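Engineer: This is coords_28.txt, which holds compact mmCIF, C-alpha atoms:
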```
# COMPACT_ATOMS: atom_id res chain seq x y z
CA MET A 1 -23.97 13.21 4.15
CA THR A 2 -24.08 9.47 3.45
CA THR A 3 -21.85 7.36 5.66
CA LEU A 4 -19.98 4.27 4.50
CA LEU A 5 -22.30 2.17 6.64
CA GLN A 6 -25.35 3.54 4.87
CA GLN A 7 -23.80 2.79 1.48
CA LEU A 8 -23.16 -0.83 2.42
CA ASP A 9 -26.74 -1.21 3.60
CA THR A 10 -27.81 -1.29 -0.08
CA PHE A 11 -25.92 -4.53 -0.85
CA ASP A 12 -26.71 -8.16 -0.21
CA GLY A 13 -24.68 -11.35 -0.58
CA ALA A 14 -21.26 -12.16 0.85
CA ALA A 15 -19.05 -9.26 1.96
CA ILE A 16 -16.09 -11.20 3.40
CA THR A 17 -14.84 -14.74 2.82
CA LEU A 18 -12.88 -16.25 5.69
CA PRO A 19 -9.83 -18.50 5.16
CA ASN A 20 -11.91 -21.53 6.24
CA GLY A 21 -14.42 -20.87 3.45
CA ASP A 22 -17.17 -19.36 5.61
CA THR A 23 -18.70 -16.08 4.46
CA ILE A 24 -20.04 -13.02 6.27
CA SER A 25 -22.87 -11.19 4.55
CA PHE A 26 -23.27 -7.47 4.02
CA SER A 27 -26.38 -7.52 6.21
CA SER A 28 -24.44 -9.12 9.06
CA ILE A 29 -21.63 -6.56 8.75
CA VAL A 30 -24.13 -3.69 8.79
CA SER A 31 -26.05 -5.14 11.74
CA LYS A 32 -22.92 -5.65 13.87
CA SER A 33 -21.62 -2.18 12.98
CA ASN A 34 -24.91 -0.62 14.08
CA VAL A 35 -24.77 -2.50 17.38
CA LEU A 36 -21.24 -1.23 17.94
CA ARG A 37 -22.38 2.32 17.18
CA GLU A 38 -25.01 2.05 19.87
CA GLU A 39 -22.33 0.95 22.33
CA ILE A 40 -20.19 3.93 21.35
CA LYS A 41 -23.20 6.19 21.73
CA ALA A 42 -23.87 4.79 25.19
CA VAL A 43 -20.30 5.62 26.21
CA ALA A 44 -20.74 9.16 24.89
CA THR A 45 -23.99 9.58 26.80
CA THR A 46 -22.42 8.32 30.02
CA SER A 47 -19.51 10.73 29.61
CA ALA A 48 -21.85 13.64 28.93
CA ASP A 49 -23.94 12.87 32.00
CA ALA A 50 -20.82 12.65 34.12
CA LEU A 51 -19.71 16.06 32.85
CA VAL A 52 -23.03 17.61 33.85
CA ASN A 53 -23.17 15.97 37.28
CA ASN A 54 -19.51 16.31 38.19
CA SER A 55 -17.38 19.15 36.87
CA HIS A 56 -14.35 17.33 38.30
CA GLN A 57 -14.89 14.12 36.37
CA ASN A 58 -11.87 11.84 36.39
CA ASP A 59 -9.60 11.12 33.46
CA ALA A 60 -11.24 7.75 32.84
CA GLU A 61 -14.39 9.54 31.71
CA THR A 62 -12.68 11.88 29.25
CA LYS A 63 -9.74 9.98 27.79
CA ASP A 64 -9.72 8.48 24.31
CA ARG A 65 -11.25 5.04 23.91
CA GLU A 66 -9.63 2.02 22.28
CA LEU A 67 -11.42 -0.37 19.96
CA PRO A 68 -9.24 -3.45 19.34
CA PHE A 69 -9.41 -5.70 16.28
CA SER A 70 -7.67 -8.97 15.50
CA SER A 71 -9.25 -9.91 12.18
CA LEU A 72 -10.36 -8.36 8.90
CA THR A 73 -14.00 -8.69 9.95
CA GLU A 74 -13.45 -6.88 13.25
CA PHE A 75 -11.53 -4.15 11.44
CA VAL A 76 -14.34 -3.57 8.92
CA ILE A 77 -17.02 -3.51 11.61
CA GLY A 78 -15.00 -1.06 13.72
CA LEU A 79 -14.28 1.22 10.76
CA LEU A 80 -17.93 1.34 9.69
CA ALA A 81 -19.07 2.01 13.25
CA LEU A 82 -16.68 4.93 13.73
CA GLU A 83 -16.80 6.62 10.31
CA GLY A 84 -19.46 9.31 10.21
CA TRP A 85 -20.17 8.79 13.92
CA VAL A 86 -17.12 10.20 15.71
CA GLU A 87 -15.28 13.38 14.80
CA GLU A 88 -11.87 11.72 14.49
CA PHE A 89 -10.21 8.37 14.96
CA SER A 90 -6.72 6.89 14.61
CA ILE A 91 -5.98 3.55 12.97
CA LEU A 92 -3.18 1.55 14.54
CA SER A 93 -1.99 -1.96 13.64
CA ASP A 94 -4.34 -3.67 16.12
CA ARG A 95 -6.83 -1.08 17.34
CA PHE A 96 -8.72 2.13 16.70
CA ILE A 97 -8.35 5.07 19.08
CA TYR A 98 -11.21 7.54 19.22
CA SER A 99 -12.85 10.16 21.40
CA PRO A 100 -16.50 9.52 22.29
CA PRO A 101 -18.68 11.66 20.01
CA SER A 102 -20.27 14.83 21.26
CA THR A 103 -24.07 15.12 21.18
CA LEU A 104 -25.41 13.26 18.15
CA GLY A 105 -29.01 12.91 17.12
CA GLU A 106 -30.45 9.68 15.85
CA LYS A 107 -29.94 10.63 12.20
CA SER A 108 -26.97 12.95 12.47
CA ALA A 109 -23.61 12.30 10.86
CA VAL A 110 -20.23 14.00 11.03
CA ASN A 111 -17.34 14.44 8.63
CA SER A 112 -14.85 12.14 10.29
CA THR A 113 -11.12 12.76 10.19
CA TRP A 114 -9.04 9.59 9.83
CA PHE A 115 -5.50 9.42 11.21
CA LEU A 116 -3.30 6.83 9.50
CA PHE A 117 0.36 5.99 9.93
CA THR A 118 2.95 5.73 7.17
CA SER A 119 4.74 2.41 6.73
CA GLY A 120 8.05 3.77 8.02
CA THR A 121 9.99 1.81 5.39
CA THR A 122 12.87 4.31 5.42
CA GLY A 123 12.17 6.24 8.61
CA LYS A 124 9.93 6.70 11.64
CA PRO A 125 6.20 6.26 10.84
CA LYS A 126 4.30 9.56 10.63
CA GLN A 127 0.67 10.23 11.52
CA ILE A 128 -1.26 11.57 8.53
CA ALA A 129 -4.81 12.95 8.45
CA HIS A 130 -7.44 12.15 5.82
CA THR A 131 -11.17 12.56 5.37
CA THR A 132 -13.68 10.05 4.07
CA LYS A 133 -13.78 12.01 0.83
CA SER A 134 -10.01 11.86 0.31
CA MET A 135 -9.93 8.15 1.17
CA CYS A 136 -12.63 7.31 -1.37
CA ALA A 137 -11.77 9.76 -4.16
CA SER A 138 -9.76 7.35 -6.32
CA LEU A 139 -12.12 4.38 -6.06
CA ARG A 140 -13.60 3.11 -9.30
CA LEU A 141 -16.99 1.91 -8.17
CA ARG A 142 -19.03 0.08 -10.73
CA GLY A 143 -22.50 -1.31 -10.87
CA HIS A 144 -22.73 -4.89 -12.01
CA SER A 145 -24.90 -7.91 -11.50
CA LYS A 146 -22.05 -10.38 -11.07
CA GLN A 147 -20.11 -10.10 -7.82
CA SER A 148 -16.32 -10.07 -8.01
CA CYS A 149 -13.89 -11.25 -5.36
CA TRP A 150 -11.04 -8.99 -4.21
CA ALA A 151 -7.97 -10.39 -2.47
CA LEU A 152 -6.61 -8.31 0.40
CA THR A 153 -2.83 -8.74 0.46
CA TYR A 154 -2.04 -5.71 2.64
CA LYS A 155 -2.67 -5.39 6.35
CA PRO A 156 -6.11 -3.76 6.73
CA SER A 157 -4.76 -0.89 8.85
CA LYS A 158 -2.41 0.33 6.09
CA PHE A 159 -3.46 2.98 3.55
CA ALA A 160 -3.21 0.49 0.68
CA GLY A 161 -5.20 -2.09 2.64
CA ILE A 162 -7.99 0.36 3.39
CA GLN A 163 -8.13 1.29 -0.30
CA VAL A 164 -8.72 -2.35 -1.27
CA ILE A 165 -11.33 -2.79 1.47
CA LEU A 166 -13.25 0.29 0.37
CA GLN A 167 -12.97 -0.59 -3.34
CA SER A 168 -14.37 -4.06 -2.72
CA LEU A 169 -17.12 -3.34 -0.22
CA LEU A 170 -18.42 -0.12 -1.78
CA SER A 171 -18.71 -1.96 -5.12
CA GLY A 172 -20.76 -4.71 -3.49
CA ASP A 173 -17.95 -7.21 -4.04
CA CYS A 174 -16.60 -9.90 -1.75
CA LEU A 175 -13.28 -9.61 0.08
CA VAL A 176 -10.89 -12.41 1.06
CA ASP A 177 -7.94 -11.91 3.42
CA CYS A 178 -4.68 -13.09 1.81
CA SER A 179 -2.34 -10.98 3.93
CA SER A 180 -0.77 -13.94 5.74
CA GLY A 181 0.39 -17.48 5.00
CA SER A 182 2.98 -18.96 2.68
CA PRO A 183 2.90 -18.21 -1.07
CA ASP A 184 1.51 -21.69 -1.79
CA GLU A 185 -1.21 -21.23 0.86
CA LYS A 186 -2.12 -17.87 -0.64
CA VAL A 187 -2.48 -19.33 -4.13
CA ALA A 188 -4.64 -22.16 -2.77
CA LEU A 189 -6.90 -19.64 -1.00
CA LEU A 190 -7.13 -17.44 -4.11
CA LYS A 191 -8.10 -20.45 -6.20
CA GLU A 192 -10.63 -21.74 -3.68
CA THR A 193 -12.38 -18.37 -3.33
CA LYS A 194 -12.26 -17.71 -7.10
CA ALA A 195 -10.54 -14.38 -6.55
CA SER A 196 -10.66 -12.26 -9.70
CA ALA A 197 -8.98 -9.03 -8.53
CA ILE A 198 -5.70 -8.65 -6.64
CA SER A 199 -3.90 -5.54 -5.46
CA ALA A 200 -0.38 -6.14 -4.13
CA THR A 201 3.20 -4.90 -4.08
CA PRO A 202 5.61 -5.99 -6.84
CA SER A 203 7.52 -8.03 -4.21
CA TRP A 204 4.32 -9.89 -3.30
CA TRP A 205 3.65 -10.67 -6.98
CA ARG A 206 7.18 -11.98 -7.46
CA GLN A 207 6.78 -14.35 -4.52
CA LEU A 208 3.54 -15.77 -5.93
CA LEU A 209 4.92 -16.11 -9.44
CA MET A 210 7.58 -18.43 -8.03
CA THR A 211 4.90 -20.96 -7.00
CA ASN A 212 4.38 -21.81 -10.70
CA SER A 213 0.67 -22.30 -10.03
CA MET A 214 -0.58 -18.79 -10.73
CA ASP A 215 -1.92 -19.90 -14.11
CA SER A 216 -4.71 -21.68 -12.25
CA LEU A 217 -6.18 -18.30 -11.34
CA ASN A 218 -8.69 -16.43 -13.47
CA LEU A 219 -7.80 -12.80 -12.83
CA THR A 220 -9.52 -9.85 -14.48
CA HIS A 221 -7.95 -7.00 -12.48
CA ILE A 222 -4.31 -6.70 -11.33
CA THR A 223 -2.92 -3.76 -9.38
CA LEU A 224 0.66 -3.13 -8.28
CA GLY A 225 1.61 -0.47 -5.73
CA GLY A 226 3.88 0.46 -2.87
CA GLU A 227 7.10 -0.20 -4.80
CA THR A 228 8.48 0.49 -8.26
CA ALA A 229 6.94 -1.76 -10.92
CA ASP A 230 9.71 -2.78 -13.32
CA GLN A 231 9.11 -3.63 -16.98
CA HIS A 232 10.05 -7.29 -16.60
CA LEU A 233 7.35 -7.86 -13.94
CA LEU A 234 4.69 -5.96 -15.89
CA SER A 235 5.44 -7.99 -19.01
CA THR A 236 5.42 -11.27 -17.07
CA LEU A 237 2.03 -10.55 -15.52
CA SER A 238 0.64 -9.48 -18.89
CA THR A 239 1.77 -12.80 -20.39
CA CYS A 240 0.40 -14.88 -17.50
CA PHE A 241 -2.95 -13.06 -17.44
CA PRO A 242 -3.67 -11.75 -20.96
CA SER A 243 -7.33 -11.00 -20.13
CA ALA A 244 -6.57 -8.96 -17.00
CA LYS A 245 -6.40 -5.18 -16.79
CA ILE A 246 -3.08 -4.25 -15.18
CA PHE A 247 -2.47 -1.04 -13.27
CA HIS A 248 0.54 0.14 -11.33
CA ILE A 249 -0.52 2.80 -8.87
CA TYR A 250 1.53 5.62 -7.41
CA ALA A 251 0.16 6.44 -3.98
CA SER A 252 1.27 7.40 -0.49
CA THR A 253 -0.37 7.86 2.88
CA GLU A 254 0.54 11.55 2.73
CA ALA A 255 -0.77 12.41 -0.75
CA GLY A 256 -3.35 9.69 -1.29
CA VAL A 257 -3.59 8.07 -4.72
CA GLY A 258 -1.61 10.12 -7.21
CA PHE A 259 -2.19 8.22 -10.44
CA ALA A 260 -2.63 4.80 -12.02
CA VAL A 261 -0.65 3.71 -15.08
CA SER A 262 -2.46 1.25 -17.34
CA ASP A 263 -0.36 1.09 -20.53
CA TYR A 264 1.72 -1.92 -19.37
CA LYS A 265 4.89 0.20 -19.34
CA ALA A 266 7.21 1.04 -16.45
CA GLY A 267 7.24 4.68 -15.33
CA PHE A 268 4.58 7.17 -16.40
CA PRO A 269 3.98 9.65 -19.26
CA LYS A 270 5.94 12.91 -19.10
CA SER A 271 2.78 14.74 -20.20
CA TRP A 272 1.34 14.17 -16.73
CA VAL A 273 4.02 16.44 -15.29
CA GLU A 274 2.97 19.14 -17.74
CA ASN A 275 -0.81 18.70 -17.59
CA GLY A 276 -1.59 16.94 -14.32
CA VAL A 277 -3.40 13.66 -13.80
CA ASN A 278 -6.33 12.42 -11.72
CA ARG A 279 -7.02 15.97 -10.46
CA ASN A 280 -3.47 16.04 -9.05
CA TYR A 281 -0.52 18.09 -10.27
CA LEU A 282 3.08 16.89 -10.56
CA ARG A 283 6.38 18.74 -10.55
CA ILE A 284 10.01 17.60 -10.80
CA LYS A 285 12.50 19.66 -8.81
CA GLN A 286 16.15 18.62 -8.74
CA ASN A 287 15.12 15.15 -9.95
CA ILE A 288 12.65 14.76 -7.06
CA LEU A 289 8.96 14.18 -7.78
CA TRP A 290 6.60 16.57 -5.99
CA ILE A 291 2.84 16.08 -6.05
CA LYS A 292 0.00 18.48 -5.32
CA PRO A 293 -3.09 16.42 -4.39
CA TRP A 294 -6.54 17.69 -5.21
CA PHE A 295 -7.37 17.91 -1.49
CA ASP A 296 -5.60 20.28 0.90
CA ALA A 297 -3.31 17.81 2.65
CA ALA A 298 -1.31 20.59 4.33
CA ARG A 299 -4.43 22.05 5.96
CA LEU A 300 -5.51 18.67 7.32
CA ASN A 301 -2.17 17.94 8.94
CA ASN A 302 -0.06 19.56 11.62
CA ALA A 303 3.00 21.50 10.56
CA GLY A 304 5.91 19.17 9.94
CA ALA A 305 3.82 16.05 9.28
CA ILE A 306 4.11 16.64 5.53
CA GLU A 307 6.84 18.54 3.68
CA CYS A 308 5.06 20.98 1.37
CA ASP A 309 6.18 24.01 -0.60
CA ASP A 310 4.27 27.30 -0.65
CA GLU A 311 2.03 26.08 -3.49
CA GLY A 312 0.95 22.90 -1.70
CA TYR A 313 3.24 20.45 -3.53
CA ILE A 314 4.35 17.53 -1.34
CA ASN A 315 7.93 16.27 -1.47
CA THR A 316 7.60 12.55 -2.24
CA GLN A 317 11.33 11.85 -1.70
CA ASP A 318 11.19 9.75 -4.89
CA VAL A 319 14.01 10.35 -7.35
CA VAL A 320 12.96 10.19 -11.00
CA LEU A 321 14.67 10.17 -14.39
CA VAL A 322 13.14 11.68 -17.52
CA GLU A 323 13.93 9.78 -20.71
CA GLY A 324 12.17 11.05 -23.81
CA GLU A 325 8.44 11.14 -23.13
CA ARG A 326 8.64 8.86 -20.09
CA VAL A 327 9.45 9.42 -16.42
CA PHE A 328 11.04 6.52 -14.53
CA PHE A 329 11.55 6.00 -10.80
CA LYS A 330 15.16 5.55 -9.67
CA GLY A 331 14.51 5.05 -5.95
CA ARG A 332 14.02 6.76 -2.61
CA LEU A 333 16.25 9.74 -1.86
CA ASN A 334 16.78 8.66 1.75
CA GLY A 335 17.46 5.04 0.77
CA THR A 336 20.62 5.52 -1.28
CA ILE A 337 23.90 3.73 -0.56
CA ASN A 338 26.93 6.02 -0.30
CA VAL A 339 29.83 4.33 -2.08
CA GLY A 340 32.82 6.64 -1.87
CA GLY A 341 30.62 9.70 -2.38
CA HIS A 342 28.62 8.11 -5.20
CA LYS A 343 24.91 7.53 -4.46
CA VAL A 344 23.64 4.11 -5.46
CA PHE A 345 19.88 3.52 -5.66
CA PRO A 346 19.08 -0.03 -4.48
CA GLU A 347 15.91 -0.11 -6.59
CA THR A 348 17.87 0.64 -9.77
CA VAL A 349 20.31 -2.21 -9.14
CA GLU A 350 17.43 -4.54 -8.21
CA SER A 351 15.66 -3.73 -11.47
CA VAL A 352 18.73 -4.85 -13.43
CA LEU A 353 19.10 -8.03 -11.38
CA LEU A 354 15.40 -8.86 -11.83
CA SER A 355 15.70 -8.50 -15.59
CA SER A 356 18.12 -11.45 -15.58
CA PRO A 357 16.39 -14.78 -16.35
CA LEU A 358 18.33 -16.29 -13.44
CA VAL A 359 16.82 -14.03 -10.77
CA ALA A 360 13.29 -14.20 -9.35
CA GLN A 361 13.72 -11.84 -6.40
CA ALA A 362 16.42 -9.40 -5.35
CA ARG A 363 17.28 -7.18 -2.42
CA VAL A 364 20.14 -4.69 -2.61
CA TYR A 365 21.63 -2.95 0.42
CA GLY A 366 24.78 -1.34 1.69
CA LYS A 367 27.44 -2.93 3.88
CA GLU A 368 29.94 -0.88 5.86
CA ASN A 369 33.40 -0.49 4.34
CA LYS A 370 36.32 1.30 6.02
CA ILE A 371 37.61 2.79 2.76
CA LEU A 372 34.48 3.57 0.73
CA GLY A 373 31.97 4.02 3.56
CA SER A 374 29.70 1.38 2.07
CA VAL A 375 29.74 -1.25 -0.65
CA VAL A 376 26.79 -2.71 -2.56
CA VAL A 377 25.59 -6.20 -1.63
CA ALA A 378 22.73 -8.17 -3.21
CA ASP A 379 20.65 -11.06 -1.89
CA ILE A 380 18.92 -12.97 -4.69
CA VAL A 381 16.44 -15.80 -5.02
CA LEU A 382 17.05 -17.89 -8.13
CA SER A 383 14.24 -18.35 -10.65
CA LYS A 384 14.75 -22.06 -11.21
CA PRO A 385 17.58 -23.43 -9.10
CA PRO A 386 19.04 -26.27 -11.17
CA ALA A 387 19.93 -29.58 -9.56
CA ASN A 388 23.50 -29.63 -8.25
CA ALA A 389 23.77 -25.93 -9.04
CA ASP A 390 27.21 -24.36 -8.85
CA ASN A 391 26.47 -21.13 -7.01
CA LYS A 392 29.89 -19.72 -7.84
CA LYS A 393 29.22 -19.99 -11.57
CA ILE A 394 25.72 -18.59 -11.15
CA LYS A 395 26.99 -15.60 -9.18
CA LEU A 396 29.70 -14.96 -11.76
CA SER A 397 27.14 -15.11 -14.57
CA ILE A 398 24.90 -12.60 -12.76
CA LEU A 399 27.84 -10.27 -12.07
CA LEU A 400 28.79 -10.33 -15.75
CA TYR A 401 25.16 -9.55 -16.61
CA CYS A 402 25.20 -6.58 -14.21
CA LYS A 403 28.46 -5.36 -15.75
CA THR A 404 26.75 -4.87 -19.11
CA HIS A 405 23.80 -2.97 -17.61
CA LEU A 406 25.21 -0.97 -14.68
CA ASP A 407 27.81 1.68 -14.11
CA ARG A 408 30.94 0.34 -12.42
CA LYS A 409 30.18 2.31 -9.23
CA ASP A 410 26.70 0.71 -9.01
CA MET A 411 27.95 -2.86 -9.31
CA PRO A 412 27.33 -5.28 -6.41
CA THR A 413 30.58 -6.36 -4.80
CA LYS A 414 28.96 -9.49 -3.42
CA ILE A 415 25.94 -11.61 -4.34
CA ASN A 416 24.33 -14.00 -1.86
CA VAL A 417 21.97 -16.74 -3.05
CA VAL A 418 19.14 -17.13 -0.51
CA ASP A 419 15.95 -19.20 -0.32
CA THR A 420 13.53 -16.38 0.49
CA LEU A 421 13.36 -12.62 1.04
CA ALA A 422 11.29 -11.21 3.89
CA LEU A 423 8.39 -8.83 3.27
CA SER A 424 7.11 -6.25 5.75
CA ASP A 425 3.53 -5.96 7.01
CA SER A 426 2.89 -3.58 4.14
CA GLY A 427 4.04 -6.22 1.63
CA LYS A 428 7.23 -4.36 0.76
CA LEU A 429 10.73 -5.74 0.64
CA VAL A 430 12.40 -5.46 4.05
CA ARG A 431 15.41 -3.21 3.46
CA ALA A 432 17.24 -3.53 6.78
CA THR A 433 20.82 -4.64 6.22
CA SER A 434 21.99 -8.12 7.15
```
Can I see the file as structure tokens?
Structural biologist:
Amino acid sequence: MTTLLQQLDTFDGAAITLPNGDTISFSSIVSKSNVLREEIKAVATTSADALVNNSHQNDAETKDRELPFSSLTEFVIGLLALEGWVEEFSILSDRFIYSPPSTLGEKSAVNSTWFLFTSGTTGKPKQIAHTTKSMCASLRLRGHSKQSCWALTYKPSKFAGIQVILQSLLSGDCLVDCSSGSPDEKVALLKETKASAISATPSWWRQLLMTNSMDSLNLTHITLGGETADQHLLSTLSTCFPSAKIFHIYASTEAGVGFAVSDYKAGFPKSWVENGVNRNYLRIKQNILWIKPWFDAARLNNAGAIECDDEGYINTQDVVLVEGERVFFKGRLNGTINVGGHKVFPETVESVLLSSPLVAQARVYGKENKILGSVVVADIVLSKPPANADNKKIKLSILLYCKTHLDRKDMPTKINVVDTLALSDSGKLVRATS
């Protein structure tokens, strides 16, 4: 088998651009990863010798090792050193955890199992197993003479972040870390590094669009994932970047990349439920989307880590609505707000708010109510706050707008105008209540 490290050994030029403008070449990344592999091998040899010489070796010689990282470069070097070299490794937010490899020859390689953690947006993070093959299956690698520059907006340890890293490096492209900093700082870095491809959550895109300086970027590839991509955002990005290919991707740590929609429309074609897509099969049961990935996710994972039916379909917990020949996402099943027995999907209300020309960002959540159990509250960031704005009139205007687009039970009872909305490490809207 060919390891990721061996694949990168065929490229030259810059692999990573640092925020200060310095670059790290592919050859440097490969060299440092090989050095780290030798260190890992030395640890394995020491442990093996100890086992032979002392059958009562202490725990320090057998326990899992930790490999910390504090930067994108350190993460990439650690990942390349471990993949294909150790049988399995876990990826945490700031370190890898691995067991020293068993006997390995100079040219041997193993099929590594990767353990990743879900984002835990609506629950406790779960540990999910993958293989190198399942992690790389959806990548669209292309040969070209001109190097592109990918912007990493996700934390590198997240599933989405790893996908961007692999897509960039295995295509021989350059990668720039844009996962931290203010929106204005991110735009400045994107412009300085001439980034041409960006993969980010819809919430991340909305933040950058508010800087009003996105038109200075020359983007050819735009990807949205991690959250529902509404029609208003897709249309806005299409107008701002008419030459860019735009994809909104449905993916999860559990099922991998399910599909990518590229027709500039919200939702996805109903025909995919009937015929499958991207080697995956879809099913809708009681308005819940289930997905059967091409790889055997249930076999890779311990019982209980993934909810599967007898045919291998994974419960995504995403509620969908079929309208004509299109399937639309309503929201997460475990994220609904119970208003007097009526389930309100925050994402559905947010989509309506975001379609208003007054609203740039929105977060909808439930607030405890003694009579109804919960009521719907919305925090919004205004698109263009006018001078001497009368927030009362603005809120009233937005409520009237919602009244024409939402059922009475889904209506926000209160709207708060805020300056910013927080995003999580995975780039998603933070949904904890105020």
Engineer: Please check which residues have atoms at most 7 Å from (0.9, 3.3, -10.0) in the file's coordinates, counting all atoms listed in the file, and write them as a list of chain:residue names.
Structural biologist: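 Taken together, the residues in range are A:Leu224, A:Gly225, A:Phe247, A:His248, A:Ile249, A:Tyr250, A:Ala251, A:Phe259, A:Ala260, A:Val261.
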Engineer: Would you please work out which residue, of A:Gly78, A:Gly84, A:Gly373, A:Gly324, is nearest to A:Phe96 when using all atoms listed in the file?
Structural biologist: A:Gly78
Engineer: Using atom CA of A:Glu368 and atom CA of A:Ser203 as the two end points, give the distance in Å to one decimal.
Structural biologist: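 For atom CA of A:Glu368 relative to atom CA of A:Ser203, the distance reads 25.6 Å.
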Engineer: Of the candidates A:Cys402, A:Val359, A:Leu209, A:Ile337, which one gets nearest to A:Val375 if we count all atoms listed in the file?
Structural biologist: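 With all atoms listed in the file as the atom set, the closest residue is A:Ile337.
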Engineer: Taking all atoms listed in the file into account, name the residue in A:Lys158, A:Ile40, A:Ser99, A:Gln147 that is nearest to A:Asp64.
Structural biologist: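 Of A:Lys158, A:Ile40, A:Ser99, A:Gln147, the one nearest A:Asp64, counting all atoms listed in the file, is A:Ser99.
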Engineer: For stretch 15-19 of chain A, please output as a CSV table (one decimal) with C-alpha atoms, in the frame of the given file all residues within 9 Å (counting all atoms listed in the file; exclusion window: fewer than 2 positions along the same chain).
Structural biologist:
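Just written: result.csv:
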```
chain,number,residue,atom,x,y,z
A,11,PHE,CA,-25.9,-4.5,-0.8
A,12,ASP,CA,-26.7,-8.2,-0.2
A,13,GLY,CA,-24.7,-11.4,-0.6
A,21,GLY,CA,-14.4,-20.9,3.4
A,22,ASP,CA,-17.2,-19.4,5.6
A,23,THR,CA,-18.7,-16.1,4.5
A,24,ILE,CA,-20.0,-13.0,6.3
A,25,SER,CA,-22.9,-11.2,4.6
A,26,PHE,CA,-23.3,-7.5,4.0
A,27,SER,CA,-26.4,-7.5,6.2
A,28,SER,CA,-24.4,-9.1,9.1
A,29,ILE,CA,-21.6,-6.6,8.8
A,72,LEU,CA,-10.4,-8.4,8.9
A,73,THR,CA,-14.0,-8.7,10.0
A,149,CYS,CA,-13.9,-11.2,-5.4
A,168,SER,CA,-14.4,-4.1,-2.7
A,169,LEU,CA,-17.1,-3.3,-0.2
A,172,GLY,CA,-20.8,-4.7,-3.5
A,173,ASP,CA,-18.0,-7.2,-4.0
A,174,CYS,CA,-16.6,-9.9,-1.8
A,175,LEU,CA,-13.3,-9.6,0.1
A,176,VAL,CA,-10.9,-12.4,1.1
A,177,ASP,CA,-7.9,-11.9,3.4
A,178,CYS,CA,-4.7,-13.1,1.8
A,189,LEU,CA,-6.9,-19.6,-1.0
A,193,THR,CA,-12.4,-18.4,-3.3
```
Engineer: If we draw a sphere of 10 Å around (12.1, 10.8, -5.0), which residues have at least one atom in it when counting all atoms listed in the file? Please report them as a PDB file with C-alpha atoms, in the frame of the given file.
Structural biologist:
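After the write, part27.pdb holds the following:
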```
ATOM      1  CA  ILE A 284      10.010  17.600 -10.800  1.00  0.00           C
ATOM      2  CA  LYS A 285      12.500  19.660  -8.810  1.00  0.00           C
ATOM      3  CA  GLN A 286      16.150  18.620  -8.740  1.00  0.00           C
ATOM      4  CA  ASN A 287      15.120  15.150  -9.950  1.00  0.00           C
ATOM      5  CA  ILE A 288      12.650  14.760  -7.060  1.00  0.00           C
ATOM      6  CA  LEU A 289       8.960  14.180  -7.780  1.00  0.00           C
ATOM      7  CA  TRP A 290       6.600  16.570  -5.990  1.00  0.00           C
ATOM      8  CA  ASN A 315       7.930  16.270  -1.470  1.00  0.00           C
ATOM      9  CA  THR A 316       7.600  12.550  -2.240  1.00  0.00           C
ATOM     10  CA  GLN A 317      11.330  11.850  -1.700  1.00  0.00           C
ATOM     11  CA  ASP A 318      11.190   9.750  -4.890  1.00  0.00           C
ATOM     12  CA  VAL A 319      14.010  10.350  -7.350  1.00  0.00           C
ATOM     13  CA  VAL A 320      12.960  10.190 -11.000  1.00  0.00           C
ATOM     14  CA  LEU A 321      14.670  10.170 -14.390  1.00  0.00           C
ATOM     15  CA  PHE A 329      11.550   6.000 -10.800  1.00  0.00           C
ATOM     16  CA  LYS A 330      15.160   5.550  -9.670  1.00  0.00           C
ATOM     17  CA  GLY A 331      14.510   5.050  -5.950  1.00  0.00           C
ATOM     18  CA  ARG A 332      14.020   6.760  -2.610  1.00  0.00           C
ATOM     19  CA  LEU A 333      16.250   9.740  -1.860  1.00  0.00           C
ATOM     20  CA  ASN A 334      16.780   8.660   1.750  1.00  0.00           C
ATOM     21  CA  GLY A 335      17.460   5.040   0.770  1.00  0.00           C
TER      22      GLY A 335
END
```
Engineer: Given the choices A:Arg326, A:Lys409, A:His221, A:Lys155, which gets closest to A:Ser70 if the distance is worked out from only C-alpha atoms?
Structural biologist: A:Lys155
Engineer: Measure the distance from atom CA of A:Ser119 to atom CA of A:Arg206 in Å and round it to one decimal.
Structural biologist: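 Pair atom CA of A:Ser119 / atom CA of A:Arg206 returns 20.4 Å.
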Engineer: Where atoms are absent from stretch 90-95 of chain A, fill them in so it carries N, CA and C atoms, then output it as a tab-separated table (two decimals), in the coordinates of the input.
Structural biologist:
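Now in result.tsv:
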```tsv
chain	number	residue	atom	x	y	z
A	90	SER	N	-8.04	7.32	15.09
A	90	SER	CA	-6.72	6.89	14.61
A	90	SER	C	-6.76	5.39	14.35
A	91	ILE	N	-6.04	4.96	13.33
A	91	ILE	CA	-5.98	3.55	12.97
A	91	ILE	C	-4.58	3.03	13.24
A	92	LEU	N	-4.45	2.18	14.23
A	92	LEU	CA	-3.18	1.55	14.54
A	92	LEU	C	-3.17	0.13	13.99
A	93	SER	N	-2.11	-0.62	14.22
A	93	SER	CA	-1.99	-1.96	13.64
A	93	SER	C	-2.98	-2.95	14.23
A	94	ASP	N	-3.45	-2.71	15.47
A	94	ASP	CA	-4.34	-3.67	16.12
A	94	ASP	C	-5.52	-3.04	16.83
A	95	ARG	N	-5.72	-1.73	16.64
A	95	ARG	CA	-6.83	-1.08	17.34
A	95	ARG	C	-7.11	0.30	16.75
```
